[in-house]
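Participant: Let me give you the structure first, and then I'll get to my questions.
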Amino acid sequence: PLAFIQMALSASPSAAAAAAQRIHHHASNLRTASLPSSALRQQAEEAMKATTPSKRHASIISENTAVENDTNKPMPEPLLPPKRVLIVRHGQAQHNPRAEAAREAGCAFDEFLRLMELDDAHDAELTDLGENQAQTARERYALSDVELVVSSPLSRALRTADLVHPPSESSESAKRRRIAIEHFREINGKLLNAQRRPRSDLVQKFPHWCFQAIPELDESWTEELESREDCSERGYRGLLWVLQQPEQNVLLVGHGGILNYTLNGHANVVLLDGRRQSNTDSESEEVRCVTKRFGNCELREFVITGWDSAGYNNGLSNGANQLEPVITLEEVTLSQDLSL
């Protein structure tokens with residue numbers, strides 16, 4: 001896309017906007033394994049700056065068939081500027097095999113929960129398959145541009161993060177860039193696999209991570225299963241936290257339940273489909289719906305932006321909280337499902 005970049009840097013605002021969108025479309029066709037180099041990404045970002053974020057976002061939404069947009073209405077400026085977030089679900093863990101197979105076969109939630117209880121384990125670890133899934137993801141996606149790694153404080157998510165994007169050799173540098181926060185842990189309560197270890201144990205097990213944001217003991221776990229509303233609100237707060245960090249390229253490792261409830265069940269979260277089918281994809285190949293539950297070790301790439309809810313009306317549900325920001329997550333690549 002170098003020609004597009006050069007044109008955008010030297011053209012009029014209207015031409016620059018068109019060129020920037022062509023860069024966006026070209027980048028969306030790339031597999032994550034062949035992400036642009038840092039230098040090329042920086043040039044692309046300069047080109048994108050030739051037009052305002054609000055205009056770029058309005059163009060993206062207008063092309064998204066899942067969200068209706070009145071193109072005559074000017075888009076507001078972002079409240080929290082956009083950043084690139086790669087979201088990964090942990091690899092297969094001890095409690096997953098039978099429950100996930102039943103879910104894929106269309107079982108009811110109660111049956112899914114029963115099977116997880118039968119295979120339950122405190123702070124469940126990855127299985128051998130889960131370890132292989134994470135190592136395969138590392139080889140396939142080569143995430144060299146990641147500046148910040150954020151994870152659930154449960155061991156299966158932390159281990160997945162370390163396998164997908166290993167820590168740097170400098171322990172101090174790694175601690176600043178690898179942070180565990182409670183917001184992205186799995187649906188809490190009832191199951192032992194959702195109960196985390198004491199912070200001191202996690203520090204010994206994962207010394208290159210920063211655990212300062214979590215308390216020593218897991219006082220939030222109870223014998224009652226966390227409600228969908230509370231879980232999605234927790235995930236929403238986590239996304240706000242990510243948007244407030246200075247890093248622009250973030251890897252986020254979480255869990256199937258919390259990701260599903262947050263992305264598909266919170267009134268102030270809007271999921272957009274900005275993917276473009278590449279020339280190498282078969283036209284007959286079914287394109288995954290953006291709302292589909294994450295598979296084990298599946299990676300998806302998003303542009304995430306925060307908006308003032310008072311001026312944002314595209315795709316919002318009636319239950320949106322007008323006093324809280326709206327968060328849009330635009331999926332921009334066709335990722336491969338690593339559920340082997």
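Within each chain, counting starts at residue 1; across the structure tokens, chains are named A, B, ... in the order shown, with ligands numbered 1 upward in that order.
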Using only C-alpha atoms, which residues sit within 8 Å of segment 227-232 of chain A once same-chain residues fewer than 6 positions away are excluded, as a PyMOL selection string?

Facilitator: chain A and resi 187-188+258+261-263+265-266

Participant: Create the file for the chosen residues now, containing C-alpha atoms and written as a PDB file, in the first residue's frame.

Facilitator:
ATOM      1  CA  ILE A 187     -17.584 -15.515  34.732  1.00  0.00           C
ATOM      2  CA  ASN A 188     -17.015 -15.572  38.467  1.00  0.00           C
ATOM      3  CA  ILE A 258     -16.549 -12.878  29.704  1.00  0.00           C
ATOM      4  CA  TYR A 261     -21.052 -11.307  27.582  1.00  0.00           C
ATOM      5  CA  THR A 262     -18.998  -8.124  27.111  1.00  0.00           C
ATOM      6  CA  LEU A 263     -18.898  -7.913  23.308  1.00  0.00           C
ATOM      7  CA  GLY A 265     -24.319  -8.326  25.899  1.00  0.00           C
ATOM      8  CA  HIS A 266     -23.411  -4.831  27.110  1.00  0.00           C
TER       9      HIS A 266
END

Participant: Pick out the residues sitting within 10 Å of Leu126 of chain A, and hand them over as a ChimeraX atom specification; count only C-alpha atoms, and ignore anything fewer than 6 positions along from it in its own chain.

Facilitator: /A:90-96,132-134,155-157,159-160

Participant: Take the selection from the previous step and output its residues with N, CA, C and O atoms, as a PDB file, in the first residue's frame.

Facilitator:
ATOM      1  N   HIS A  90      -8.019 -17.997  25.897  1.00  0.00           N
ATOM      2  CA  HIS A  90      -7.013 -18.962  26.326  1.00  0.00           C
ATOM      3  C   HIS A  90      -7.152 -20.293  25.585  1.00  0.00           C
ATOM      4  O   HIS A  90      -8.214 -20.616  25.023  1.00  0.00           O
ATOM      5  N   GLY A  91      -6.092 -21.085  25.592  1.00  0.00           N
ATOM      6  CA  GLY A  91      -6.141 -22.412  25.004  1.00  0.00           C
ATOM      7  C   GLY A  91      -7.008 -23.354  25.820  1.00  0.00           C
ATOM      8  O   GLY A  91      -7.460 -23.027  26.918  1.00  0.00           O
ATOM      9  N   GLN A  92      -7.223 -24.545  25.284  1.00  0.00           N
ATOM     10  CA  GLN A  92      -8.068 -25.510  25.978  1.00  0.00           C
ATOM     11  C   GLN A  92      -7.531 -25.785  27.385  1.00  0.00           C
ATOM     12  O   GLN A  92      -6.340 -26.020  27.578  1.00  0.00           O
ATOM     13  N   ALA A  93      -8.418 -25.747  28.383  1.00  0.00           N
ATOM     14  CA  ALA A  93      -8.048 -26.000  29.774  1.00  0.00           C
ATOM     15  C   ALA A  93      -8.732 -27.260  30.280  1.00  0.00           C
ATOM     16  O   ALA A  93      -9.561 -27.860  29.594  1.00  0.00           O
ATOM     17  N   GLN A  94      -8.396 -27.656  31.506  1.00  0.00           N
ATOM     18  CA  GLN A  94      -8.830 -28.936  32.057  1.00  0.00           C
ATOM     19  C   GLN A  94     -10.344 -29.116  32.052  1.00  0.00           C
ATOM     20  O   GLN A  94     -10.847 -30.230  31.869  1.00  0.00           O
ATOM     21  N   HIS A  95     -11.078 -28.030  32.249  1.00  0.00           N
ATOM     22  CA  HIS A  95     -12.535 -28.129  32.357  1.00  0.00           C
ATOM     23  C   HIS A  95     -13.248 -27.990  31.021  1.00  0.00           C
ATOM     24  O   HIS A  95     -14.487 -28.055  30.972  1.00  0.00           O
ATOM     25  N   ASN A  96     -12.501 -27.793  29.919  1.00  0.00           N
ATOM     26  CA  ASN A  96     -13.102 -27.475  28.629  1.00  0.00           C
ATOM     27  C   ASN A  96     -13.540 -28.653  27.757  1.00  0.00           C
ATOM     28  O   ASN A  96     -14.578 -28.550  27.076  1.00  0.00           O
ATOM     29  N   ASN A 132      -0.398 -26.727  22.967  1.00  0.00           N
ATOM     30  CA  ASN A 132      -0.091 -26.795  21.534  1.00  0.00           C
ATOM     31  C   ASN A 132      -0.838 -25.726  20.752  1.00  0.00           C
ATOM     32  O   ASN A 132      -0.295 -25.146  19.802  1.00  0.00           O
ATOM     33  N   GLN A 133      -2.072 -25.463  21.135  1.00  0.00           N
ATOM     34  CA  GLN A 133      -2.845 -24.414  20.455  1.00  0.00           C
ATOM     35  C   GLN A 133      -2.153 -23.056  20.589  1.00  0.00           C
ATOM     36  O   GLN A 133      -2.061 -22.288  19.631  1.00  0.00           O
ATOM     37  N   ALA A 134      -1.673 -22.755  21.797  1.00  0.00           N
ATOM     38  CA  ALA A 134      -1.023 -21.469  22.035  1.00  0.00           C
ATOM     39  C   ALA A 134       0.303 -21.368  21.279  1.00  0.00           C
ATOM     40  O   ALA A 134       0.644 -20.314  20.728  1.00  0.00           O
ATOM     41  N   SER A 155      -4.636 -18.686  35.679  1.00  0.00           N
ATOM     42  CA  SER A 155      -3.394 -19.260  35.153  1.00  0.00           C
ATOM     43  C   SER A 155      -3.485 -19.639  33.682  1.00  0.00           C
ATOM     44  O   SER A 155      -2.520 -19.479  32.933  1.00  0.00           O
ATOM     45  N   ARG A 156      -4.619 -20.155  33.231  1.00  0.00           N
ATOM     46  CA  ARG A 156      -4.728 -20.588  31.842  1.00  0.00           C
ATOM     47  C   ARG A 156      -4.610 -19.423  30.871  1.00  0.00           C
ATOM     48  O   ARG A 156      -4.087 -19.581  29.765  1.00  0.00           O
ATOM     49  N   ALA A 157      -5.081 -18.249  31.290  1.00  0.00           N
ATOM     50  CA  ALA A 157      -4.954 -17.071  30.429  1.00  0.00           C
ATOM     51  C   ALA A 157      -3.524 -16.532  30.449  1.00  0.00           C
ATOM     52  O   ALA A 157      -2.969 -16.167  29.403  1.00  0.00           O
ATOM     53  N   ARG A 159      -0.766 -18.205  31.075  1.00  0.00           N
ATOM     54  CA  ARG A 159       0.094 -19.144  30.351  1.00  0.00           C
ATOM     55  C   ARG A 159      -0.093 -19.002  28.849  1.00  0.00           C
ATOM     56  O   ARG A 159       0.867 -19.023  28.078  1.00  0.00           O
ATOM     57  N   THR A 160      -1.343 -18.837  28.411  1.00  0.00           N
ATOM     58  CA  THR A 160      -1.601 -18.631  26.981  1.00  0.00           C
ATOM     59  C   THR A 160      -0.905 -17.376  26.476  1.00  0.00           C
ATOM     60  O   THR A 160      -0.277 -17.383  25.412  1.00  0.00           O
TER      61      THR A 160
END

Participant: Check the smallest atom-to-atom distance from each of A:Asp110, A:Glu233, A:Glu117, A:Glu247 to Asn264 of chain A using only C-alpha atoms, then report the winner.

Facilitator: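 Checking each candidate against Asn264 of chain A, we get A:Glu233 as the closest.
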
Participant: Write out as number ranges by chain the set of residues from segment 162-328 of chain A that DSSP, computed on the backbone, places in helix (DSSP H, G or I).

Facilitator: A: 162-164, 171-177, 182-184, 192-194, 199-205, 228-243, 256-265, 309-311

Participant: Between atom CA of Leu271 of chain A and atom CA of Phe294 of chain A, what is the distance in Å, rounded to a tenth?

Facilitator: 14.0 Å

Participant: Quick one: residues within 10 Å of Leu115 of chain A, only C-alpha atoms, excluding same-chain residues fewer than 6 positions away - as an mmCIF file with all heavy atoms, in the first residue's frame?

Facilitator:
data_model
loop_
_atom_site.group_PDB
_atom_site.id
_atom_site.type_symbol
_atom_site.label_atom_id
_atom_site.label_comp_id
_atom_site.auth_asym_id
_atom_site.auth_seq_id
_atom_site.Cartn_x
_atom_site.Cartn_y
_atom_site.Cartn_z
ATOM 1 N N HIS A 95 -11.078 -28.030 32.249
ATOM 2 C CA HIS A 95 -12.535 -28.129 32.357
ATOM 3 C C HIS A 95 -13.248 -27.990 31.021
ATOM 4 O O HIS A 95 -14.487 -28.055 30.972
ATOM 5 C CB HIS A 95 -13.051 -27.037 33.299
ATOM 6 C CG HIS A 95 -12.761 -25.646 32.805
ATOM 7 N ND1 HIS A 95 -11.491 -25.146 32.692
ATOM 8 C CD2 HIS A 95 -13.593 -24.664 32.369
ATOM 9 C CE1 HIS A 95 -11.547 -23.911 32.231
ATOM 10 N NE2 HIS A 95 -12.810 -23.599 32.007
ATOM 11 N N ASN A 96 -12.501 -27.793 29.919
ATOM 12 C CA ASN A 96 -13.102 -27.475 28.629
ATOM 13 C C ASN A 96 -13.540 -28.653 27.757
ATOM 14 O O ASN A 96 -14.578 -28.550 27.076
ATOM 15 C CB ASN A 96 -12.150 -26.614 27.789
ATOM 16 C CG ASN A 96 -12.041 -25.189 28.253
ATOM 17 O OD1 ASN A 96 -11.006 -24.561 28.117
ATOM 18 N ND2 ASN A 96 -13.114 -24.663 28.822
ATOM 19 N N PRO A 97 -12.781 -29.756 27.666
ATOM 20 C CA PRO A 97 -13.022 -30.721 26.582
ATOM 21 C C PRO A 97 -14.458 -31.201 26.429
ATOM 22 O O PRO A 97 -15.056 -31.055 25.352
ATOM 23 C CB PRO A 97 -12.077 -31.878 26.934
ATOM 24 C CG PRO A 97 -10.951 -31.221 27.656
ATOM 25 C CD PRO A 97 -11.598 -30.134 28.467
ATOM 26 N N ARG A 98 -15.050 -31.767 27.465
ATOM 27 C CA ARG A 98 -16.405 -32.307 27.307
ATOM 28 C C ARG A 98 -17.448 -31.211 27.194
ATOM 29 O O ARG A 98 -18.384 -31.296 26.388
ATOM 30 C CB ARG A 98 -16.734 -33.224 28.491
ATOM 31 C CG ARG A 98 -15.984 -34.546 28.455
ATOM 32 C CD ARG A 98 -16.623 -35.570 29.366
ATOM 33 N NE ARG A 98 -16.488 -35.232 30.770
ATOM 34 C CZ ARG A 98 -17.023 -35.954 31.761
ATOM 35 N NH1 ARG A 98 -17.742 -37.032 31.480
ATOM 36 N NH2 ARG A 98 -16.847 -35.606 33.031
ATOM 37 N N ALA A 99 -17.286 -30.147 27.984
ATOM 38 C CA ALA A 99 -18.274 -29.069 27.972
ATOM 39 C C ALA A 99 -18.290 -28.347 26.629
ATOM 40 O O ALA A 99 -19.360 -28.046 26.078
ATOM 41 C CB ALA A 99 -17.991 -28.089 29.105
ATOM 42 N N GLU A 100 -17.111 -28.063 26.082
ATOM 43 C CA GLU A 100 -17.047 -27.341 24.805
ATOM 44 C C GLU A 100 -17.574 -28.202 23.664
ATOM 45 O O GLU A 100 -18.226 -27.708 22.745
ATOM 46 C CB GLU A 100 -15.615 -26.888 24.524
ATOM 47 C CG GLU A 100 -15.126 -25.764 25.431
ATOM 48 C CD GLU A 100 -15.861 -24.451 25.201
ATOM 49 O OE1 GLU A 100 -16.463 -24.270 24.129
ATOM 50 O OE2 GLU A 100 -15.839 -23.597 26.112
ATOM 51 N N ALA A 101 -17.298 -29.503 23.711
ATOM 52 C CA ALA A 101 -17.815 -30.399 22.670
ATOM 53 C C ALA A 101 -19.336 -30.437 22.711
ATOM 54 O O ALA A 101 -20.005 -30.417 21.663
ATOM 55 C CB ALA A 101 -17.240 -31.799 22.857
ATOM 56 N N ALA A 102 -19.892 -30.455 23.908
ATOM 57 C CA ALA A 102 -21.354 -30.452 24.046
ATOM 58 C C ALA A 102 -21.945 -29.138 23.566
ATOM 59 O O ALA A 102 -23.008 -29.105 22.936
ATOM 60 C CB ALA A 102 -21.738 -30.718 25.497
ATOM 61 N N PHE A 109 -27.500 -24.572 28.205
ATOM 62 C CA PHE A 109 -26.493 -24.008 29.103
ATOM 63 C C PHE A 109 -26.354 -24.827 30.384
ATOM 64 O O PHE A 109 -25.247 -25.018 30.891
ATOM 65 C CB PHE A 109 -26.841 -22.556 29.455
ATOM 66 C CG PHE A 109 -25.876 -21.922 30.418
ATOM 67 C CD1 PHE A 109 -24.622 -21.512 29.989
ATOM 68 C CD2 PHE A 109 -26.221 -21.753 31.757
ATOM 69 C CE1 PHE A 109 -23.711 -20.938 30.879
ATOM 70 C CE2 PHE A 109 -25.328 -21.172 32.645
ATOM 71 C CZ PHE A 109 -24.069 -20.770 32.206
#
